[in-house]
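A.B. asks: Data file data.txt (compact mmCIF, C-alpha atoms (C1' of nucleotides) and all ligand atoms) is appended below.
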# COMPACT_ATOMS: atom_id res chain seq x y z
CA MET H 223 6.55 -2.95 -17.98
CA HIS H 224 7.02 0.58 -19.17
CA GLU H 225 8.60 2.06 -16.06
CA PRO H 226 12.20 1.96 -17.25
CA GLU H 227 11.25 4.09 -20.22
CA HIS H 228 9.46 6.54 -17.95
CA LEU H 229 12.65 6.95 -15.98
CA LYS H 230 14.87 7.14 -19.04
CA SER H 231 12.77 9.83 -20.63
CA ALA H 232 12.96 11.74 -17.38
CA GLY H 233 16.75 11.63 -17.54
CA LEU H 234 16.97 9.28 -14.57
CA LYS H 235 18.70 5.99 -14.86
CA SER H 236 16.71 2.90 -14.18
CA THR H 237 17.76 1.71 -10.75
CA LEU H 238 16.09 -0.82 -8.49
CA PRO H 239 15.01 1.66 -5.79
CA ARG H 240 13.52 4.01 -8.35
CA LEU H 241 11.60 1.23 -10.07
CA LYS H 242 10.26 0.04 -6.73
CA VAL H 243 9.06 3.48 -5.68
CA LEU H 244 7.40 4.14 -9.03
CA SER H 245 5.78 0.74 -9.05
CA LEU H 246 4.48 1.31 -5.54
CA PHE H 247 2.64 4.45 -6.62
CA GLU H 248 1.23 2.62 -9.63
CA THR H 249 -0.13 -0.27 -7.61
CA SER H 250 -0.89 1.18 -4.20
CA LYS H 251 -4.49 1.43 -3.11
CA GLU H 252 -3.65 4.82 -1.60
CA ARG H 253 -3.07 7.49 -4.18
CA HIS H 254 -1.51 10.06 -1.79
CA LEU H 255 1.54 8.83 0.13
CA SER H 256 4.08 10.41 2.45
CA ALA H 257 7.79 9.53 2.36
CA GLU H 258 7.39 7.59 5.59
CA GLU H 259 4.47 5.64 4.15
CA VAL H 260 6.41 4.81 0.99
CA PHE H 261 9.33 3.65 3.12
CA LYS H 262 7.15 1.43 5.31
CA LEU H 263 5.18 -0.03 2.42
CA LEU H 264 8.41 -0.99 0.66
CA LEU H 265 9.74 -2.59 3.82
CA ALA H 266 6.49 -4.48 4.30
CA SER H 267 6.69 -5.85 0.77
CA GLY H 268 10.23 -7.05 1.35
CA ASP H 269 11.82 -4.39 -0.84
CA ASP H 270 14.48 -2.77 1.27
CA VAL H 271 15.16 0.79 0.21
CA GLY H 272 16.94 3.24 2.49
CA LEU H 273 14.87 6.10 3.88
CA ALA H 274 17.32 8.64 2.50
CA THR H 275 16.90 7.11 -0.92
CA VAL H 276 13.13 7.28 -0.64
CA TYR H 277 13.34 11.01 0.08
CA ARG H 278 15.83 11.54 -2.75
CA VAL H 279 13.80 9.58 -5.27
CA LEU H 280 10.56 11.32 -4.35
CA THR H 281 12.18 14.71 -4.88
CA GLN H 282 13.74 13.60 -8.16
CA PHE H 283 10.42 12.27 -9.42
CA GLU H 284 8.77 15.51 -8.45
CA GLN H 285 11.37 17.51 -10.38
CA ALA H 286 10.99 15.16 -13.32
CA GLY H 287 7.24 15.75 -13.29
CA LEU H 288 6.39 12.13 -12.46
CA LEU H 289 5.03 12.98 -9.01
CA MET H 290 3.31 15.96 -7.46
CA ARG H 291 4.05 17.09 -3.92
CA HIS H 292 1.41 18.53 -1.61
CA HIS H 293 1.73 20.11 1.82
CA PHE H 294 -1.31 19.08 3.80
CA GLU H 295 -1.60 20.00 7.45
CA GLY H 296 0.46 17.73 9.66
CA GLY H 297 3.91 18.86 8.61
CA LYS H 298 4.77 16.06 6.20
CA SER H 299 4.83 16.20 2.40
CA VAL H 300 2.46 13.95 0.49
CA PHE H 301 3.09 12.70 -3.05
CA GLU H 302 0.91 11.35 -5.83
CA LEU H 303 1.39 10.30 -9.43
CA ASN H 304 1.13 13.27 -11.74
CA HIS H 305 -1.62 12.39 -14.19
CA GLY H 306 -1.38 15.80 -15.77
CA VAL H 307 -4.77 17.09 -14.73
CA HIS H 308 -4.79 19.75 -12.03
CA HIS H 309 -7.07 19.20 -9.06
CA ASP H 310 -7.52 20.37 -5.49
CA HIS H 311 -8.07 18.34 -2.32
CA ILE H 312 -10.52 17.75 0.47
CA VAL H 313 -8.80 16.11 3.44
CA CYS H 314 -10.73 14.37 6.21
CA LEU H 315 -9.44 15.54 9.58
CA GLN H 316 -10.62 12.33 11.23
CA CYS H 317 -9.37 9.53 8.99
CA GLY H 318 -6.99 11.28 6.62
CA HIS H 319 -9.03 10.26 3.57
CA VAL H 320 -8.27 12.51 0.61
CA GLU H 321 -10.79 13.30 -2.09
CA GLU H 322 -9.96 15.22 -5.24
CA PHE H 323 -12.04 17.83 -6.97
CA TYR H 324 -11.80 20.38 -9.69
CA ASP H 325 -13.92 23.48 -10.15
CA SER H 326 -13.24 25.57 -13.22
CA GLY H 327 -15.08 28.49 -11.63
CA ILE H 328 -12.69 28.49 -8.68
CA GLU H 329 -9.72 28.24 -11.00
CA ALA H 330 -10.93 31.14 -13.11
CA ARG H 331 -11.66 33.37 -10.13
CA GLN H 332 -8.23 32.68 -8.66
CA LYS H 333 -6.55 33.76 -11.86
CA LYS H 334 -8.71 36.85 -11.94
CA ALA H 335 -7.97 37.76 -8.32
CA ALA H 336 -4.23 37.48 -8.91
CA ALA H 337 -4.29 39.31 -12.25
CA GLU H 338 -6.30 42.20 -10.81
CA ARG H 339 -3.51 42.71 -8.30
CA GLY H 340 -0.75 42.55 -10.88
CA PHE H 341 0.56 39.11 -9.92
CA THR H 342 1.86 36.47 -12.31
CA VAL H 343 0.62 33.15 -10.96
CA HIS H 344 3.04 30.22 -10.73
CA ASP H 345 1.02 27.85 -8.73
CA HIS H 346 -1.64 27.52 -6.07
CA SER H 347 -2.81 25.15 -3.38
CA LEU H 348 -6.37 24.76 -2.18
CA HIS H 349 -7.06 22.36 0.66
CA ILE H 350 -10.43 21.92 2.30
CA TYR H 351 -10.22 20.33 5.75
CA ALA H 352 -13.39 18.54 6.75
CA ASP H 353 -15.11 15.44 8.14
CA CYS H 354 -15.77 12.88 5.43
CA ASN H 355 -18.81 11.45 7.26
CA LYS H 356 -18.19 8.07 5.67
CA PRO H 357 -19.46 5.08 7.67
CA LYS H 358 -15.95 3.66 7.81
CA CYS H 359 -14.46 6.90 9.15
CA PRO H 360 -13.19 6.45 12.71
CA ASN H 361 -13.52 9.45 14.98
CA LYS H 362 -9.85 9.55 15.62
CA ILE H 363 -6.93 10.98 13.69
CA LYS H 364 -4.85 8.17 12.25
CA SER H 365 -1.17 8.32 13.17
CA MET J 47 -3.44 50.56 26.10
CA HIS J 48 -6.18 48.02 25.75
CA GLU J 49 -4.00 44.94 25.41
CA PRO J 50 -4.28 43.75 29.01
CA GLU J 51 -8.05 43.54 28.63
CA HIS J 52 -7.66 41.60 25.40
CA LEU J 53 -5.58 39.06 27.24
CA LYS J 54 -7.85 38.95 30.28
CA SER J 55 -10.92 38.34 28.19
CA ALA J 56 -9.04 35.55 26.44
CA GLY J 57 -8.40 33.90 29.79
CA LEU J 58 -4.69 34.63 29.64
CA LYS J 59 -3.00 36.57 32.34
CA SER J 60 -1.29 39.75 31.40
CA THR J 61 2.41 38.98 31.38
CA LEU J 62 5.27 40.98 29.94
CA PRO J 63 6.14 38.54 27.14
CA ARG J 64 2.53 38.26 26.05
CA LEU J 65 2.06 42.03 25.99
CA LYS J 66 5.23 42.44 23.95
CA VAL J 67 4.21 39.88 21.36
CA LEU J 68 0.72 41.32 21.00
CA SER J 69 2.06 44.85 20.76
CA LEU J 70 4.52 43.76 18.10
CA PHE J 71 1.72 42.49 15.88
CA GLU J 72 -0.23 45.70 16.46
CA THR J 73 2.64 47.96 15.50
CA SER J 74 4.70 45.95 13.03
CA LYS J 75 4.80 47.07 9.44
CA GLU J 76 4.60 43.43 8.43
CA ARG J 77 1.21 41.91 9.03
CA HIS J 78 2.29 38.25 8.57
CA LEU J 79 5.12 37.11 10.86
CA SER J 80 6.82 33.79 11.62
CA ALA J 81 7.89 32.78 15.12
CA GLU J 82 11.50 33.38 14.20
CA GLU J 83 10.66 36.85 12.89
CA VAL J 84 8.74 37.71 16.06
CA PHE J 85 11.66 36.50 18.15
CA LYS J 86 14.20 38.54 16.19
CA LEU J 87 12.08 41.68 16.08
CA LEU J 88 11.67 41.54 19.86
CA LEU J 89 15.40 41.06 20.34
CA ALA J 90 16.11 43.96 18.00
CA SER J 91 13.81 46.23 19.98
CA GLY J 92 15.56 45.30 23.21
CA ASP J 93 12.70 43.18 24.51
CA ASP J 94 14.21 39.86 25.44
CA VAL J 95 11.71 37.05 25.24
CA GLY J 96 12.79 33.42 25.06
CA LEU J 97 12.20 31.62 21.79
CA ALA J 98 10.24 28.88 23.56
CA THR J 99 7.99 31.53 25.04
CA VAL J 100 7.43 33.10 21.63
CA TYR J 101 6.27 29.73 20.28
CA ARG J 102 4.08 29.13 23.33
CA VAL J 103 2.50 32.56 23.22
CA LEU J 104 1.81 32.39 19.50
CA THR J 105 0.03 29.08 19.95
CA GLN J 106 -1.94 30.40 22.92
CA PHE J 107 -2.98 33.49 21.00
CA GLU J 108 -4.04 31.31 18.12
CA GLN J 109 -6.17 29.16 20.43
CA ALA J 110 -7.61 32.28 22.03
CA GLY J 111 -8.59 33.56 18.60
CA LEU J 112 -6.28 36.58 18.75
CA LEU J 113 -4.01 35.32 15.98
CA MET J 114 -4.47 33.18 12.91
CA ARG J 115 -1.85 30.68 11.78
CA HIS J 116 -1.09 29.95 8.15
CA HIS J 117 1.14 27.33 6.55
CA PHE J 118 2.73 28.93 3.53
CA GLU J 119 5.36 27.07 1.57
CA GLY J 120 8.74 27.13 3.25
CA GLY J 121 7.98 24.95 6.21
CA LYS J 122 7.41 27.61 8.86
CA SER J 123 4.13 28.81 10.32
CA VAL J 124 3.12 32.41 9.78
CA PHE J 125 0.83 34.37 12.11
CA GLU J 126 -1.30 37.47 11.76
CA LEU J 127 -3.78 39.36 13.91
CA ASN J 128 -7.23 37.89 13.59
CA HIS J 129 -9.43 40.75 12.44
CA GLY J 130 -12.38 38.42 12.16
CA VAL J 131 -12.80 38.57 8.41
CA HIS J 132 -11.77 35.49 6.48
CA HIS J 133 -9.43 35.97 3.55
CA ASP J 134 -7.02 34.01 1.39
CA HIS J 135 -3.46 34.86 0.36
CA ILE J 136 -1.28 35.54 -2.63
CA VAL J 137 2.38 35.03 -1.76
CA CYS J 138 5.19 36.43 -3.91
CA LEU J 139 7.78 33.73 -4.51
CA GLN J 140 10.50 36.34 -5.09
CA CYS J 141 10.15 38.77 -2.19
CA GLY J 142 7.77 37.01 0.18
CA HIS J 143 5.24 39.85 -0.03
CA VAL J 144 1.78 38.68 1.01
CA GLU J 145 -1.41 40.16 -0.35
CA GLU J 146 -4.85 39.29 0.94
CA PHE J 147 -8.00 38.73 -1.06
CA TYR J 148 -11.51 37.48 -0.63
CA ASP J 149 -13.80 36.11 -3.30
CA SER J 150 -17.28 35.12 -2.22
CA GLY J 151 -17.69 33.07 -5.39
CA ILE J 152 -14.69 30.96 -4.52
CA GLU J 153 -15.95 30.53 -0.98
CA ALA J 154 -19.38 29.45 -2.15
CA ARG J 155 -18.04 26.99 -4.70
CA GLN J 156 -15.76 25.43 -2.12
CA LYS J 157 -18.66 24.84 0.21
CA LYS J 158 -20.63 23.36 -2.65
CA ALA J 159 -17.80 21.05 -3.76
CA ALA J 160 -17.43 19.68 -0.22
CA ALA J 161 -21.17 19.36 0.40
CA GLU J 162 -21.72 17.50 -2.85
CA ARG J 163 -19.25 14.91 -1.64
CA GLY J 164 -20.81 14.59 1.80
CA PHE J 165 -18.09 16.42 3.70
CA THR J 166 -18.61 18.76 6.63
CA VAL J 167 -16.13 21.60 6.18
CA HIS J 168 -14.06 22.74 9.14
CA ASP J 169 -11.63 24.97 7.44
CA HIS J 170 -9.74 25.61 4.23
CA SER J 171 -6.54 27.18 2.98
CA LEU J 172 -6.06 28.78 -0.40
CA HIS J 173 -2.62 30.09 -1.29
CA ILE J 174 -1.68 31.49 -4.66
CA TYR J 175 2.07 31.51 -5.30
CA ALA J 176 3.12 34.14 -7.80
CA ASP J 177 5.44 36.99 -8.78
CA CYS J 178 4.20 40.29 -7.42
CA ASN J 179 5.84 42.27 -10.26
CA LYS J 180 6.21 45.26 -7.96
CA PRO J 181 9.09 47.61 -8.81
CA LYS J 182 10.61 47.06 -5.38
CA CYS J 183 10.50 43.26 -5.72
CA PRO J 184 14.02 41.80 -5.89
CA ASN J 185 14.45 38.76 -8.08
CA LYS J 186 15.69 36.70 -5.21
CA ILE J 187 13.97 34.85 -2.42
CA LYS J 188 14.53 36.63 0.87
CA SER J 189 15.99 34.43 3.60
C1' DT W 245 31.34 -10.67 -21.60
C1' DA W 246 34.76 -8.21 -18.58
C1' DT W 247 36.08 -3.61 -17.08
C1' DA W 248 35.80 1.17 -15.58
C1' DC W 249 33.75 4.72 -13.37
C1' DA W 250 30.27 8.15 -12.73
C1' DA W 251 26.03 7.95 -10.59
C1' DA W 252 23.22 6.01 -7.01
C1' DT W 253 22.58 4.02 -2.63
C1' DG W 254 22.27 3.48 2.44
C1' DA W 255 23.81 4.13 7.15
C1' DT W 256 24.23 7.72 9.86
C1' DA W 257 25.14 12.54 11.15
C1' DA W 258 23.40 17.08 10.67
C1' DT W 259 19.80 20.59 10.20
C1' DC W 260 15.58 23.13 11.00
C1' DA W 261 11.35 24.24 13.00
C1' DT W 262 9.00 23.27 16.87
C1' DT W 263 7.93 21.17 21.43
C1' DC W 264 9.22 19.48 25.94
C1' DT W 265 11.52 19.62 30.63
C1' DC W 266 12.36 21.63 34.63
C1' DA W 267 14.47 24.95 37.69
C1' DT W 268 13.54 29.80 38.46
C1' DT W 269 10.65 33.90 38.21
C1' DT W 270 6.38 36.53 38.26
C1' DG W 271 1.44 38.10 38.29
C1' DC W 272 -1.98 38.60 41.32
C1' DA W 273 -5.29 37.17 44.91
C1' DA W 274 -5.75 37.07 49.69
C1' DT O 239 3.65 41.54 52.05
C1' DT O 240 3.00 36.74 51.26
C1' DG O 241 1.89 32.42 48.84
C1' DC O 242 1.72 29.92 44.98
C1' DA O 243 -0.12 28.49 40.67
C1' DA O 244 1.01 29.93 36.29
C1' DA O 245 4.49 31.58 33.20
C1' DT O 246 9.11 31.93 31.66
C1' DG O 247 13.70 30.76 29.68
C1' DA O 248 17.68 27.81 28.75
C1' DG O 249 18.59 24.01 26.79
C1' DA O 250 17.41 19.11 25.64
C1' DA O 251 14.41 16.38 22.76
C1' DT O 252 11.66 15.48 18.68
C1' DG O 253 10.16 14.67 13.94
C1' DA O 254 10.72 15.51 9.20
C1' DT O 255 13.97 16.18 5.93
C1' DT O 256 18.70 16.84 3.97
C1' DA O 257 23.80 16.24 3.84
C1' DT O 258 27.97 13.27 4.08
C1' DC O 259 30.63 9.75 2.54
C1' DA O 260 32.16 5.06 2.04
C1' DT O 261 30.34 1.30 -0.70
C1' DT O 262 27.58 -0.57 -4.48
C1' DT O 263 25.54 -0.64 -9.08
C1' DG O 264 24.00 0.59 -13.87
C1' DT O 265 25.85 0.98 -18.19
C1' DA O 266 28.90 2.43 -21.71
C1' DT O 267 32.90 0.69 -23.86
C1' DA O 268 36.67 -2.50 -25.06
MN MN X 1 -4.49 14.39 -5.61
MN MN X 2 -3.67 37.48 6.03
ZN ZN X 3 -12.94 10.41 7.35
ZN ZN X 4 7.61 40.27 -4.90
Would you write the structure of this file as structure tokens?

C.D. replies:
Amino acid sequence: MHEPEHLKSAGLKSTLPRLKVLSLFETSKERHLSAEEVFKLLLASGDDVGLATVYRVLTQFEQAGLLMRHHFEGGKSVFELNHGVHHDHIVCLQCGHVEEFYDSGIEARQKKAAAERGFTVHDHSLHIYADCNKPKCPNKIKS
Amino acid sequence: MHEPEHLKSAGLKSTLPRLKVLSLFETSKERHLSAEEVFKLLLASGDDVGLATVYRVLTQFEQAGLLMRHHFEGGKSVFELNHGVHHDHIVCLQCGHVEEFYDSGIEARQKKAAAERGFTVHDHSLHIYADCNKPKCPNKIKS
DNA sequence: TATACAAATGATAATCATTCTCATTTGCAA
DNA sequence: TTGCAAATGAGAATGATTATCATTTGTATA
């Protein structure tokens, strides 16, 4: 029961919808969730939160540094709890499974490439799109 | 005047809108263009092509391998002529300027990261978001 | 604890990029 | 030239996200 403090320290007041969304990310089996998925999971668990509120809260949490937003292919934003450690993503094109990885060599070479060209890096996104080849992976893109 | 053959060999018949779009990419000062930009540039040059046709043609050219599509931040697809050599992008958050780079070390480490996890790579996208620090860069995001 | 009110919510309208529909036009093969 | 499948263009439809605004709620204060 530390969520209210999380919100407080982020300058957000502790409301029911915000607690529900945060709690969902902390307990969900899926680490990376879209707004639509958050909305549906809350509905399914009997917690009614308006879709507009879901979008608002996700954006607020992102700005507060509680969540990170990613733009995978498919047009919809995906969010995950910000555990403070940067990582990149491998996304399975068949089942949508997301695996995280970190390669300090890649990170270093990115910085170098940008610096050599006079750029000041703010941020980067690296997504590898692939087949996961897991036994449970269906050969069909999940809707 | 070799465009018609390009289209023919791609299995697309040589129509006026398609020739105009292809020619625009071959002559434009900007290498990376969104659908909206293509549409407006054609209008400005007196070549009227419907917006729906622009979208259709861009997608067809992408499928034919003539263009590559990228998803930079900002929600709209960006296209460029496919010159056959893979590269990644550094995008200036202030002026939208795009610079290309290629780092074989990064490429190799990506393949390795995916392989180690049992993935079969289809594709990847690496975008570095930064300030270009060029003298001509305005401190404002261009609309 | 009751009250007051700014902040938050939720239903719904609006927006934006993109795709779809369908009547009309066009490239091109015969 | 003609015939016609393929392509086009105007506008409707879609899907994700944001804006509006009347109503509700968290919380500071009396
Ligand atoms: Mn992640
Ligand atoms: Mn490029
Ligand atoms: Zn999979
Ligand atoms: Zn710049």

A.B. asks: Taking all atoms listed in the file into account, find every residue of chain H that has an atom no more than 10 Å from chain O, and write it out as number ranges by chain.

C.D. replies: H: 235-238, 257-258, 274, 277-278, 297-299

A.B. asks: Would you name the residues within 7 Å of ligand ZN 4 (chain X), counting only C-alpha atoms (C1' of nucleotides) and all ligand atoms, and put them as a PyMOL selection string?

C.D. replies: chain J and resi 138-143+177-180+183-184

A.B. asks: Compute the set of chain W residues within 8 Å of chain H, using all atoms listed in the file, and express it as a ChimeraX atom specification.

C.D. replies: /W:252-254

A.B. asks: Give the residue list for ligand MN 1 (chain X) at 12 Å, counting only C-alpha atoms (C1' of nucleotides) and all ligand atoms, as an MDAnalysis selection string, sorted by chain and then by residue number.

C.D. replies: chainID H and resid 252:255 289:294 300:313 319:324 347:349

A.B. asks: For a test of reading the model, state the distance in Å between CA of Ile328 in chain H and CA of Glu295 in chain H, rounded to one decimal.

C.D. replies: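 Between CA of Ile328 in chain H and CA of Glu295 in chain H the gap works out to 21.3 Å.
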
A.B. asks: What gap, in Å, lies between CA of Gly120 in chain J and atom MN of ligand MN 2 (chain X)?

C.D. replies: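 If I compute the distance from CA of Gly120 in chain J to atom MN of ligand MN 2 (chain X), I get 16.4 Å.
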
A.B. asks: Please, what distance in Å, to one decimal, runs between CA of Val279 in chain H and CA of Ser231 in chain H?

C.D. replies: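 Separating CA of Val279 in chain H from CA of Ser231 in chain H is a distance of 15.4 Å.
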
A.B. asks: With all atoms listed in the file as the counted atoms, please give the residues lying no more than 9 Å from Arg155 in chain J, apart from itself and same-chain residues fewer than 5 positions off, as a PDB file with C-alpha atoms, keeping the file's coordinate frame.

C.D. replies:
ATOM      1  CA  ASP H 325     -13.920  23.480 -10.150  1.00  0.00           C
ATOM      2  CA  GLY H 327     -15.080  28.490 -11.630  1.00  0.00           C
ATOM      3  CA  ILE H 328     -12.690  28.490  -8.680  1.00  0.00           C
TER       4      ILE H 328
ATOM      5  CA  SER J 150     -17.280  35.120  -2.220  1.00  0.00           C
ATOM      6  CA  ALA J 160     -17.430  19.680  -0.220  1.00  0.00           C
TER       7      ALA J 160
END
